[in-house]
>>> print(open('upload.cif').read())   # mmCIF, N, CA and C atoms
data_protein
#
loop_
_atom_site.label_atom_id
_atom_site.label_comp_id
_atom_site.auth_asym_id
_atom_site.auth_seq_id
_atom_site.Cartn_x
_atom_site.Cartn_y
_atom_site.Cartn_z
N MET A 121 0.82 -1.19 0.00
CA MET A 121 0.00 0.00 0.00
C MET A 121 0.87 1.25 0.00
N ALA A 122 2.00 1.22 0.67
CA ALA A 122 2.87 2.38 0.72
C ALA A 122 3.42 2.72 -0.66
N THR A 123 3.64 1.71 -1.50
CA THR A 123 4.17 1.98 -2.83
C THR A 123 3.16 2.66 -3.73
N SER A 124 1.87 2.36 -3.54
CA SER A 124 0.85 2.99 -4.39
C SER A 124 0.57 4.42 -3.95
N ALA A 125 0.86 4.75 -2.72
CA ALA A 125 0.61 6.12 -2.23
C ALA A 125 1.60 7.11 -2.85
N LYS A 126 2.83 6.68 -3.08
CA LYS A 126 3.84 7.59 -3.64
C LYS A 126 3.47 8.07 -5.04
N PRO A 127 3.13 7.19 -5.99
CA PRO A 127 2.75 7.69 -7.31
C PRO A 127 1.53 8.59 -7.27
N ARG A 128 0.55 8.25 -6.43
CA ARG A 128 -0.65 9.08 -6.33
C ARG A 128 -0.29 10.46 -5.79
N ARG A 129 0.54 10.50 -4.76
CA ARG A 129 0.95 11.78 -4.17
C ARG A 129 1.70 12.62 -5.19
N ALA A 130 2.60 12.01 -5.95
CA ALA A 130 3.34 12.74 -6.96
C ALA A 130 2.39 13.30 -8.02
N ARG A 131 1.40 12.51 -8.42
CA ARG A 131 0.44 12.96 -9.42
C ARG A 131 -0.37 14.14 -8.89
N VAL A 132 -0.81 14.05 -7.65
CA VAL A 132 -1.59 15.13 -7.04
C VAL A 132 -0.75 16.39 -6.95
N GLU A 133 0.52 16.26 -6.56
CA GLU A 133 1.40 17.42 -6.46
C GLU A 133 1.60 18.06 -7.83
N ARG A 134 1.71 17.27 -8.89
CA ARG A 134 1.87 17.82 -10.24
C ARG A 134 0.62 18.54 -10.69
N GLU A 135 -0.54 18.02 -10.30
CA GLU A 135 -1.81 18.57 -10.77
C GLU A 135 -2.26 19.77 -9.94
N ALA A 136 -1.81 19.88 -8.70
CA ALA A 136 -2.23 20.98 -7.84
C ALA A 136 -1.59 22.28 -8.31
N ASN A 137 -2.35 23.33 -8.28
CA ASN A 137 -1.82 24.64 -8.66
C ASN A 137 -1.66 25.50 -7.42
N VAL A 138 -0.45 25.95 -7.20
CA VAL A 138 -0.13 26.81 -6.08
C VAL A 138 -0.28 28.25 -6.55
N PRO A 139 -1.19 29.00 -5.95
CA PRO A 139 -1.39 30.38 -6.40
C PRO A 139 -0.13 31.22 -6.17
N ILE A 140 0.10 32.13 -7.06
CA ILE A 140 1.24 33.04 -6.92
C ILE A 140 0.82 34.14 -5.94
N THR A 141 1.70 34.52 -5.06
CA THR A 141 1.38 35.58 -4.12
C THR A 141 1.53 36.94 -4.80
N CYS A 142 0.91 37.94 -4.22
CA CYS A 142 1.00 39.30 -4.78
C CYS A 142 2.45 39.76 -4.82
N GLU A 143 3.18 39.49 -3.77
CA GLU A 143 4.58 39.90 -3.70
C GLU A 143 5.42 39.23 -4.79
N THR A 144 5.19 37.95 -5.01
CA THR A 144 5.93 37.23 -6.04
C THR A 144 5.55 37.72 -7.42
N ALA A 145 4.29 37.98 -7.64
CA ALA A 145 3.85 38.51 -8.94
C ALA A 145 4.47 39.88 -9.20
N ARG A 146 4.53 40.72 -8.18
CA ARG A 146 5.16 42.05 -8.34
C ARG A 146 6.65 41.93 -8.63
N ARG A 147 7.32 41.00 -7.93
CA ARG A 147 8.76 40.80 -8.16
C ARG A 147 9.01 40.29 -9.57
N LEU A 148 8.19 39.36 -10.01
CA LEU A 148 8.32 38.83 -11.36
C LEU A 148 8.05 39.92 -12.40
N ALA A 149 7.03 40.73 -12.16
CA ALA A 149 6.72 41.84 -13.07
C ALA A 149 7.90 42.81 -13.15
N LEU A 150 8.52 43.09 -12.01
CA LEU A 150 9.68 43.98 -11.99
C LEU A 150 10.84 43.37 -12.77
N GLU A 151 11.08 42.08 -12.59
CA GLU A 151 12.17 41.41 -13.30
C GLU A 151 11.96 41.46 -14.81
N ILE A 152 10.73 41.26 -15.24
CA ILE A 152 10.45 41.30 -16.68
C ILE A 152 10.61 42.72 -17.21
N ARG A 153 10.09 43.69 -16.47
CA ARG A 153 10.22 45.09 -16.90
C ARG A 153 11.70 45.51 -16.96
N LEU A 154 12.48 45.10 -15.97
CA LEU A 154 13.91 45.42 -15.98
C LEU A 154 14.63 44.74 -17.14
N ALA A 155 14.21 43.53 -17.49
CA ALA A 155 14.82 42.85 -18.63
C ALA A 155 14.52 43.61 -19.93
N VAL A 156 13.30 44.12 -20.05
CA VAL A 156 12.94 44.92 -21.24
C VAL A 156 13.78 46.18 -21.28
N GLU A 157 13.88 46.88 -20.15
CA GLU A 157 14.64 48.13 -20.12
C GLU A 157 16.13 47.89 -20.35
N ALA A 158 16.64 46.76 -19.88
CA ALA A 158 18.04 46.43 -20.14
C ALA A 158 18.28 46.21 -21.63
N LEU A 159 17.36 45.52 -22.27
CA LEU A 159 17.49 45.28 -23.71
C LEU A 159 17.39 46.58 -24.49
N ILE A 160 16.49 47.46 -24.08
CA ILE A 160 16.32 48.73 -24.77
C ILE A 160 17.51 49.66 -24.50
N GLY A 161 17.92 49.73 -23.25
CA GLY A 161 18.97 50.66 -22.86
C GLY A 161 20.36 50.25 -23.28
N ALA A 162 20.63 48.97 -23.26
CA ALA A 162 21.97 48.46 -23.62
C ALA A 162 21.79 47.15 -24.37
N PRO A 163 21.36 47.24 -25.64
CA PRO A 163 21.12 46.00 -26.40
C PRO A 163 22.36 45.12 -26.49
N SER A 164 22.18 43.86 -26.18
CA SER A 164 23.28 42.89 -26.25
C SER A 164 22.66 41.51 -26.38
N PRO A 165 23.46 40.56 -26.84
CA PRO A 165 22.95 39.19 -26.89
C PRO A 165 22.50 38.68 -25.51
N ALA A 166 23.25 39.04 -24.46
CA ALA A 166 22.88 38.58 -23.11
C ALA A 166 21.53 39.16 -22.68
N ALA A 167 21.31 40.44 -22.94
CA ALA A 167 20.04 41.07 -22.58
C ALA A 167 18.90 40.46 -23.40
N TYR A 168 19.16 40.23 -24.66
CA TYR A 168 18.17 39.60 -25.53
C TYR A 168 17.82 38.20 -25.01
N ASN A 169 18.83 37.40 -24.70
CA ASN A 169 18.61 36.04 -24.22
C ASN A 169 17.83 36.02 -22.90
N GLN A 170 18.14 36.95 -22.01
CA GLN A 170 17.45 37.01 -20.72
C GLN A 170 15.95 37.23 -20.91
N LEU A 171 15.59 38.21 -21.72
CA LEU A 171 14.17 38.48 -21.95
C LEU A 171 13.52 37.34 -22.73
N SER A 172 14.23 36.77 -23.68
CA SER A 172 13.68 35.65 -24.44
C SER A 172 13.35 34.47 -23.54
N LYS A 173 14.23 34.18 -22.58
CA LYS A 173 13.99 33.08 -21.65
C LYS A 173 12.77 33.36 -20.78
N MET A 174 12.62 34.60 -20.36
CA MET A 174 11.46 34.95 -19.54
C MET A 174 10.16 34.75 -20.32
N LEU A 175 10.14 35.24 -21.55
CA LEU A 175 8.94 35.09 -22.37
C LEU A 175 8.66 33.62 -22.67
N ALA A 176 9.72 32.85 -22.94
CA ALA A 176 9.56 31.42 -23.21
C ALA A 176 9.01 30.69 -21.98
N ALA A 177 9.47 31.07 -20.80
CA ALA A 177 8.97 30.44 -19.58
C ALA A 177 7.49 30.76 -19.37
N LEU A 178 7.09 31.99 -19.64
CA LEU A 178 5.68 32.34 -19.51
C LEU A 178 4.82 31.52 -20.47
N LYS A 179 5.30 31.37 -21.69
CA LYS A 179 4.57 30.58 -22.69
C LYS A 179 4.53 29.12 -22.27
N ALA A 180 5.65 28.58 -21.79
CA ALA A 180 5.70 27.19 -21.35
C ALA A 180 4.81 26.95 -20.14
N ALA A 181 4.58 27.99 -19.35
CA ALA A 181 3.71 27.88 -18.18
C ALA A 181 2.23 27.95 -18.56
N GLY A 182 1.97 28.18 -19.83
CA GLY A 182 0.59 28.19 -20.29
C GLY A 182 -0.01 29.56 -20.50
N MET A 183 0.77 30.60 -20.30
CA MET A 183 0.23 31.94 -20.53
C MET A 183 -0.04 32.09 -22.02
N GLN A 184 -1.18 32.68 -22.31
CA GLN A 184 -1.57 32.90 -23.70
C GLN A 184 -2.05 34.33 -23.83
N GLY A 185 -2.17 34.76 -25.07
CA GLY A 185 -2.74 36.07 -25.31
C GLY A 185 -1.91 36.88 -26.28
N GLU A 186 -2.55 37.90 -26.80
CA GLU A 186 -1.92 38.74 -27.80
C GLU A 186 -0.65 39.44 -27.30
N PRO A 187 -0.62 39.96 -26.06
CA PRO A 187 0.62 40.63 -25.62
C PRO A 187 1.85 39.71 -25.66
N LEU A 188 1.68 38.46 -25.22
CA LEU A 188 2.81 37.53 -25.25
C LEU A 188 3.19 37.19 -26.69
N GLU A 189 2.20 37.00 -27.54
CA GLU A 189 2.47 36.70 -28.95
C GLU A 189 3.16 37.88 -29.64
N THR A 190 2.70 39.09 -29.36
CA THR A 190 3.29 40.28 -29.97
C THR A 190 4.72 40.50 -29.47
N ALA A 191 4.94 40.31 -28.18
CA ALA A 191 6.29 40.46 -27.63
C ALA A 191 7.23 39.42 -28.25
N THR A 192 6.74 38.21 -28.40
CA THR A 192 7.55 37.15 -29.02
C THR A 192 7.85 37.49 -30.48
N ALA A 193 6.88 38.01 -31.19
CA ALA A 193 7.10 38.40 -32.59
C ALA A 193 8.12 39.54 -32.68
N THR A 194 8.06 40.47 -31.75
CA THR A 194 9.03 41.57 -31.71
C THR A 194 10.43 41.02 -31.46
N MET A 195 10.53 40.09 -30.52
CA MET A 195 11.84 39.48 -30.23
C MET A 195 12.36 38.72 -31.45
N ASN A 196 11.47 38.06 -32.19
CA ASN A 196 11.88 37.35 -33.40
C ASN A 196 12.41 38.33 -34.45
N ALA A 197 11.77 39.49 -34.57
CA ALA A 197 12.24 40.51 -35.52
C ALA A 197 13.63 41.01 -35.13
N ILE A 198 13.85 41.19 -33.84
CA ILE A 198 15.17 41.62 -33.35
C ILE A 198 16.21 40.56 -33.67
N CYS A 199 15.87 39.30 -33.46
CA CYS A 199 16.78 38.19 -33.74
C CYS A 199 17.10 38.10 -35.23
N ASP A 200 16.07 38.25 -36.06
CA ASP A 200 16.28 38.20 -37.51
C ASP A 200 17.25 39.30 -37.95
N ARG A 201 17.08 40.49 -37.39
CA ARG A 201 17.97 41.60 -37.73
C ARG A 201 19.40 41.31 -37.25
N TYR A 202 19.52 40.72 -36.06
CA TYR A 202 20.83 40.36 -35.53
C TYR A 202 21.53 39.37 -36.47
N GLU A 203 20.79 38.42 -36.99
CA GLU A 203 21.38 37.44 -37.91
C GLU A 203 21.83 38.09 -39.21
N ARG A 204 21.15 39.16 -39.63
CA ARG A 204 21.53 39.85 -40.86
C ARG A 204 22.71 40.80 -40.66
N VAL A 205 22.70 41.58 -39.57
CA VAL A 205 23.71 42.63 -39.39
C VAL A 205 24.74 42.33 -38.31
N GLY A 206 24.48 41.32 -37.49
CA GLY A 206 25.46 40.93 -36.48
C GLY A 206 25.47 41.81 -35.24
N LYS A 207 24.41 42.59 -35.02
CA LYS A 207 24.35 43.46 -33.85
C LYS A 207 22.91 43.50 -33.34
N VAL A 208 22.77 43.43 -32.01
CA VAL A 208 21.45 43.51 -31.40
C VAL A 208 21.06 44.98 -31.32
N GLY A 209 19.89 45.29 -31.82
CA GLY A 209 19.39 46.66 -31.76
C GLY A 209 17.88 46.66 -31.88
N LEU A 210 17.28 47.73 -31.39
CA LEU A 210 15.83 47.86 -31.44
C LEU A 210 15.46 49.16 -32.13
N LYS A 211 14.40 49.08 -32.89
CA LYS A 211 13.80 50.28 -33.45
C LYS A 211 12.92 50.89 -32.37
N ASP A 212 12.63 52.18 -32.50
CA ASP A 212 11.79 52.84 -31.50
C ASP A 212 10.44 52.15 -31.36
N ALA A 213 9.85 51.73 -32.47
CA ALA A 213 8.55 51.07 -32.42
C ALA A 213 8.64 49.73 -31.69
N GLU A 214 9.76 49.02 -31.84
CA GLU A 214 9.94 47.75 -31.15
C GLU A 214 10.08 47.97 -29.64
N ALA A 215 10.82 49.00 -29.26
CA ALA A 215 10.97 49.30 -27.84
C ALA A 215 9.62 49.64 -27.22
N GLU A 216 8.84 50.46 -27.91
CA GLU A 216 7.52 50.83 -27.41
C GLU A 216 6.60 49.61 -27.35
N ALA A 217 6.67 48.75 -28.36
CA ALA A 217 5.83 47.55 -28.36
C ALA A 217 6.17 46.64 -27.19
N LEU A 218 7.46 46.45 -26.93
CA LEU A 218 7.85 45.59 -25.80
C LEU A 218 7.37 46.17 -24.48
N ARG A 219 7.52 47.48 -24.31
CA ARG A 219 7.05 48.10 -23.06
C ARG A 219 5.54 47.91 -22.89
N THR A 220 4.80 48.12 -23.96
CA THR A 220 3.34 47.98 -23.90
C THR A 220 2.95 46.54 -23.63
N ASP A 221 3.56 45.61 -24.35
CA ASP A 221 3.22 44.19 -24.19
C ASP A 221 3.54 43.70 -22.78
N VAL A 222 4.68 44.10 -22.25
CA VAL A 222 5.06 43.65 -20.92
C VAL A 222 4.11 44.23 -19.86
N ALA A 223 3.66 45.44 -20.06
CA ALA A 223 2.69 46.01 -19.11
C ALA A 223 1.41 45.17 -19.10
N LEU A 224 0.99 44.70 -20.27
CA LEU A 224 -0.21 43.86 -20.34
C LEU A 224 0.05 42.46 -19.80
N ILE A 225 1.24 41.93 -20.05
CA ILE A 225 1.61 40.62 -19.52
C ILE A 225 1.61 40.65 -18.00
N GLU A 226 2.09 41.74 -17.42
CA GLU A 226 2.14 41.87 -15.96
C GLU A 226 0.76 41.70 -15.34
N GLN A 227 -0.27 42.15 -16.02
CA GLN A 227 -1.62 42.05 -15.49
C GLN A 227 -2.08 40.59 -15.38
N ALA A 228 -1.52 39.72 -16.19
CA ALA A 228 -1.92 38.31 -16.17
C ALA A 228 -1.09 37.48 -15.20
N LEU A 229 -0.01 38.02 -14.66
CA LEU A 229 0.86 37.24 -13.78
C LEU A 229 0.16 36.69 -12.53
N PRO A 230 -0.74 37.45 -11.88
CA PRO A 230 -1.35 36.91 -10.66
C PRO A 230 -2.17 35.63 -10.85
N ILE A 231 -2.60 35.34 -12.06
CA ILE A 231 -3.38 34.10 -12.26
C ILE A 231 -2.50 32.92 -12.66
N LEU A 232 -1.21 33.16 -12.82
CA LEU A 232 -0.28 32.11 -13.21
C LEU A 232 0.06 31.27 -11.98
N PRO A 233 -0.17 29.96 -12.00
CA PRO A 233 0.20 29.13 -10.85
C PRO A 233 1.72 29.11 -10.66
N LEU A 234 2.15 29.33 -9.44
CA LEU A 234 3.57 29.42 -9.13
C LEU A 234 4.32 28.14 -9.45
N ASN A 235 3.76 27.00 -9.09
CA ASN A 235 4.45 25.73 -9.34
C ASN A 235 4.57 25.45 -10.84
N VAL A 236 3.57 25.82 -11.61
CA VAL A 236 3.61 25.62 -13.06
C VAL A 236 4.68 26.53 -13.67
N PHE A 237 4.73 27.77 -13.20
CA PHE A 237 5.74 28.71 -13.70
C PHE A 237 7.15 28.26 -13.32
N ALA A 238 7.33 27.81 -12.09
CA ALA A 238 8.65 27.35 -11.65
C ALA A 238 9.13 26.16 -12.49
N ARG A 239 8.21 25.25 -12.79
CA ARG A 239 8.55 24.10 -13.63
C ARG A 239 8.91 24.57 -15.05
N ALA A 240 8.18 25.55 -15.57
CA ALA A 240 8.46 26.09 -16.91
C ALA A 240 9.82 26.77 -16.95
N VAL A 241 10.16 27.52 -15.92
CA VAL A 241 11.47 28.17 -15.86
C VAL A 241 12.57 27.12 -15.89
N ALA A 242 12.40 26.05 -15.13
CA ALA A 242 13.40 24.97 -15.11
C ALA A 242 13.53 24.32 -16.48
N GLN A 243 12.41 24.10 -17.16
CA GLN A 243 12.45 23.50 -18.49
C GLN A 243 13.18 24.39 -19.48
N VAL A 244 12.91 25.69 -19.43
CA VAL A 244 13.58 26.63 -20.34
C VAL A 244 15.07 26.67 -20.04
N GLU A 245 15.44 26.69 -18.77
CA GLU A 245 16.86 26.71 -18.40
C GLU A 245 17.58 25.46 -18.89
N VAL A 246 16.95 24.31 -18.74
CA VAL A 246 17.56 23.05 -19.22
C VAL A 246 17.70 23.10 -20.74
N PHE A 247 16.66 23.52 -21.43
CA PHE A 247 16.70 23.61 -22.88
C PHE A 247 17.84 24.53 -23.33
N CYS A 248 17.95 25.69 -22.69
CA CYS A 248 19.00 26.64 -23.08
C CYS A 248 20.39 26.10 -22.76
N ALA A 249 20.52 25.38 -21.66
CA ALA A 249 21.81 24.80 -21.32
C ALA A 249 22.22 23.75 -22.33
N VAL A 250 21.26 22.93 -22.74
CA VAL A 250 21.54 21.88 -23.72
C VAL A 250 21.88 22.49 -25.08
N MET A 251 21.17 23.55 -25.44
CA MET A 251 21.37 24.19 -26.74
C MET A 251 22.57 25.16 -26.74
N GLY A 252 23.10 25.42 -25.55
CA GLY A 252 24.28 26.29 -25.47
C GLY A 252 23.95 27.76 -25.53
N ALA A 253 22.73 28.14 -25.15
CA ALA A 253 22.33 29.55 -25.18
C ALA A 253 22.73 30.26 -23.91
#
>>> encode(input="upload.cif", output="structure tokens")
Amino acid sequence: MATSAKPRRARVEREANVPITCETARRLALEIRLAVEALIGAPSPAAYNQLSKMLAALKAAGMQGEPLETATATMNAICDRYERVGKVGLKDAEAEALRTDVALIEQALPILPLNVFARAVAQVEVFCAVMGA
């Protein structure tokens, strides 16, 4: 009987959603906003990768919506330009779009389950480590 309780407990823990606290949501919102401002203020591959990982983790955690899709499309445009010219840079419209999208993404953070987001962050980190990003 003890052996059957462990798989059930693990399944329940995976399925349970731990609500994100207001403080954690605010901290996460600040981290995302700072990542956007870092990319805008001092464009670099490292700043680009940091924001890309954050957006990927949000998507992997199940966040959906136009702001996340638009921010991802903007990041793809920045990446495409980097591949052509060899330098990370943003157009004014891209900077404004990222700021707007992140403000809207921040509003959805409180409904994101903390355990699901934490698992998504770990998955993105493993993927990036394997891919050498």
>>> resolve_selection(input="upload.cif", expression="the PyMOL selection byres (((chain A and resi 167 and name CA) around 12) and name CA)", output="PyMOL selection string")
chain A and resi 152+154-166+168-174+195+198-199+208-210
>>> resolve_selection(input="upload.cif", expression="the PyMOL selection byres ((chain A and resi 177) around 8)", output="list in words")
Leu171, Ser172, Lys173, Met174, Leu175, Ala176, Leu178, Lys179, Ala180, Ala181, Gly182, Met183, Val236, Phe237, Ala238, Arg239, Ala240, Val241, Ala242, Gln243, Val244 and Glu245 of chain A
>>> write_last_selection(input="upload.cif", atoms="N, CA and C atoms", output="PDB file, in the coordinates of the input")
ATOM      1  N   LEU A 171      15.590  38.210 -21.720  1.00  0.00           N
ATOM      2  CA  LEU A 171      14.170  38.480 -21.950  1.00  0.00           C
ATOM      3  C   LEU A 171      13.520  37.340 -22.730  1.00  0.00           C
ATOM      4  N   SER A 172      14.230  36.770 -23.680  1.00  0.00           N
ATOM      5  CA  SER A 172      13.680  35.650 -24.440  1.00  0.00           C
ATOM      6  C   SER A 172      13.350  34.470 -23.540  1.00  0.00           C
ATOM      7  N   LYS A 173      14.230  34.180 -22.580  1.00  0.00           N
ATOM      8  CA  LYS A 173      13.990  33.080 -21.650  1.00  0.00           C
ATOM      9  C   LYS A 173      12.770  33.360 -20.780  1.00  0.00           C
ATOM     10  N   MET A 174      12.620  34.600 -20.360  1.00  0.00           N
ATOM     11  CA  MET A 174      11.460  34.950 -19.540  1.00  0.00           C
ATOM     12  C   MET A 174      10.160  34.750 -20.320  1.00  0.00           C
ATOM     13  N   LEU A 175      10.140  35.240 -21.550  1.00  0.00           N
ATOM     14  CA  LEU A 175       8.940  35.090 -22.370  1.00  0.00           C
ATOM     15  C   LEU A 175       8.660  33.620 -22.670  1.00  0.00           C
ATOM     16  N   ALA A 176       9.720  32.850 -22.940  1.00  0.00           N
ATOM     17  CA  ALA A 176       9.560  31.420 -23.210  1.00  0.00           C
ATOM     18  C   ALA A 176       9.010  30.690 -21.980  1.00  0.00           C
ATOM     19  N   LEU A 178       7.090  31.990 -19.640  1.00  0.00           N
ATOM     20  CA  LEU A 178       5.680  32.340 -19.510  1.00  0.00           C
ATOM     21  C   LEU A 178       4.820  31.520 -20.470  1.00  0.00           C
ATOM     22  N   LYS A 179       5.300  31.370 -21.690  1.00  0.00           N
ATOM     23  CA  LYS A 179       4.570  30.580 -22.690  1.00  0.00           C
ATOM     24  C   LYS A 179       4.530  29.120 -22.270  1.00  0.00           C
ATOM     25  N   ALA A 180       5.650  28.580 -21.790  1.00  0.00           N
ATOM     26  CA  ALA A 180       5.700  27.190 -21.350  1.00  0.00           C
ATOM     27  C   ALA A 180       4.810  26.950 -20.140  1.00  0.00           C
ATOM     28  N   ALA A 181       4.580  27.990 -19.350  1.00  0.00           N
ATOM     29  CA  ALA A 181       3.710  27.880 -18.180  1.00  0.00           C
ATOM     30  C   ALA A 181       2.230  27.950 -18.560  1.00  0.00           C
ATOM     31  N   GLY A 182       1.970  28.180 -19.830  1.00  0.00           N
ATOM     32  CA  GLY A 182       0.590  28.190 -20.290  1.00  0.00           C
ATOM     33  C   GLY A 182      -0.010  29.560 -20.500  1.00  0.00           C
ATOM     34  N   MET A 183       0.770  30.600 -20.300  1.00  0.00           N
ATOM     35  CA  MET A 183       0.230  31.940 -20.530  1.00  0.00           C
ATOM     36  C   MET A 183      -0.040  32.090 -22.020  1.00  0.00           C
ATOM     37  N   VAL A 236       3.570  25.820 -11.610  1.00  0.00           N
ATOM     38  CA  VAL A 236       3.610  25.620 -13.060  1.00  0.00           C
ATOM     39  C   VAL A 236       4.680  26.530 -13.670  1.00  0.00           C
ATOM     40  N   PHE A 237       4.730  27.770 -13.200  1.00  0.00           N
ATOM     41  CA  PHE A 237       5.740  28.710 -13.700  1.00  0.00           C
ATOM     42  C   PHE A 237       7.150  28.260 -13.320  1.00  0.00           C
ATOM     43  N   ALA A 238       7.330  27.810 -12.090  1.00  0.00           N
ATOM     44  CA  ALA A 238       8.650  27.350 -11.650  1.00  0.00           C
ATOM     45  C   ALA A 238       9.130  26.160 -12.490  1.00  0.00           C
ATOM     46  N   ARG A 239       8.210  25.250 -12.790  1.00  0.00           N
ATOM     47  CA  ARG A 239       8.550  24.100 -13.630  1.00  0.00           C
ATOM     48  C   ARG A 239       8.910  24.570 -15.050  1.00  0.00           C
ATOM     49  N   ALA A 240       8.180  25.550 -15.570  1.00  0.00           N
ATOM     50  CA  ALA A 240       8.460  26.090 -16.910  1.00  0.00           C
ATOM     51  C   ALA A 240       9.820  26.770 -16.950  1.00  0.00           C
ATOM     52  N   VAL A 241      10.160  27.520 -15.920  1.00  0.00           N
ATOM     53  CA  VAL A 241      11.470  28.170 -15.860  1.00  0.00           C
ATOM     54  C   VAL A 241      12.570  27.120 -15.890  1.00  0.00           C
ATOM     55  N   ALA A 242      12.400  26.050 -15.130  1.00  0.00           N
ATOM     56  CA  ALA A 242      13.400  24.970 -15.110  1.00  0.00           C
ATOM     57  C   ALA A 242      13.530  24.320 -16.480  1.00  0.00           C
ATOM     58  N   GLN A 243      12.410  24.100 -17.160  1.00  0.00           N
ATOM     59  CA  GLN A 243      12.450  23.500 -18.490  1.00  0.00           C
ATOM     60  C   GLN A 243      13.180  24.390 -19.480  1.00  0.00           C
ATOM     61  N   VAL A 244      12.910  25.690 -19.430  1.00  0.00           N
ATOM     62  CA  VAL A 244      13.580  26.630 -20.340  1.00  0.00           C
ATOM     63  C   VAL A 244      15.070  26.670 -20.040  1.00  0.00           C
ATOM     64  N   GLU A 245      15.440  26.690 -18.770  1.00  0.00           N
ATOM     65  CA  GLU A 245      16.860  26.710 -18.400  1.00  0.00           C
ATOM     66  C   GLU A 245      17.580  25.460 -18.890  1.00  0.00           C
TER      67      GLU A 245
END
>>> resolve_selection(input="upload.cif", expression="the PyMOL selection byres ((chain A and resi 187) around 8)", output="short mmCIF file (atom, residue, chain, number, x, y, z; two decimals) with N, CA and C atoms, in the frame of the given file")
data_model
loop_
_atom_site.label_atom_id
_atom_site.label_comp_id
_atom_site.auth_asym_id
_atom_site.auth_seq_id
_atom_site.Cartn_x
_atom_site.Cartn_y
_atom_site.Cartn_z
N GLN A 184 -1.18 32.68 -22.31
CA GLN A 184 -1.57 32.90 -23.70
C GLN A 184 -2.05 34.33 -23.83
N GLY A 185 -2.17 34.76 -25.07
CA GLY A 185 -2.74 36.07 -25.31
C GLY A 185 -1.91 36.88 -26.28
N GLU A 186 -2.55 37.90 -26.80
CA GLU A 186 -1.92 38.74 -27.80
C GLU A 186 -0.65 39.44 -27.30
N LEU A 188 1.68 38.46 -25.22
CA LEU A 188 2.81 37.53 -25.25
C LEU A 188 3.19 37.19 -26.69
N GLU A 189 2.20 37.00 -27.54
CA GLU A 189 2.47 36.70 -28.95
C GLU A 189 3.16 37.88 -29.64
N THR A 190 2.70 39.09 -29.36
CA THR A 190 3.29 40.28 -29.97
C THR A 190 4.72 40.50 -29.47
N ALA A 191 4.94 40.31 -28.18
CA ALA A 191 6.29 40.46 -27.63
C ALA A 191 7.23 39.42 -28.25
N THR A 192 6.74 38.21 -28.40
CA THR A 192 7.55 37.15 -29.02
C THR A 192 7.85 37.49 -30.48
N ALA A 193 6.88 38.01 -31.19
CA ALA A 193 7.10 38.40 -32.59
C ALA A 193 8.12 39.54 -32.68
N THR A 220 4.80 48.12 -23.96
CA THR A 220 3.34 47.98 -23.90
C THR A 220 2.95 46.54 -23.63
N ASP A 221 3.56 45.61 -24.35
CA ASP A 221 3.22 44.19 -24.19
C ASP A 221 3.54 43.70 -22.78
N VAL A 222 4.68 44.10 -22.25
CA VAL A 222 5.06 43.65 -20.92
C VAL A 222 4.11 44.23 -19.86
N ALA A 223 3.66 45.44 -20.06
CA ALA A 223 2.69 46.01 -19.11
C ALA A 223 1.41 45.17 -19.10
N LEU A 224 0.99 44.70 -20.27
CA LEU A 224 -0.21 43.86 -20.34
C LEU A 224 0.05 42.46 -19.80
N ILE A 225 1.24 41.93 -20.05
CA ILE A 225 1.61 40.62 -19.52
C ILE A 225 1.61 40.65 -18.00
#
>>> residues_around(input="upload.cif", residues="Leu229 of chain A", least_positions_apart="6", cutoff="8 Å", atoms="only N, CA and C atoms", output="number ranges by chain")
A: 140-141, 144-146, 148-149
>>> atom_distance(input="upload.cif", atom1="atom CA of Arg219 of chain A", atom2="atom CA of Asn196 of chain A")
15.7 Å
>>> atom_distance(input="upload.cif", atom1="atom CA of Glu143 of chain A", atom2="atom CA of Pro230 of chain A")
9.6 Å
>>> select_by_dssp(input="upload.cif", residues="chain A", states="helix (DSSP H, G or I)", output="PyMOL selection string")
chain A and resi 122-135+142-161+165-180+186-205+212-231+234-251
>>> atom_distance(input="upload.cif", atom1="atom C of Asn137 of chain A", atom2="atom N of Glu226 of chain A")
19.4 Å
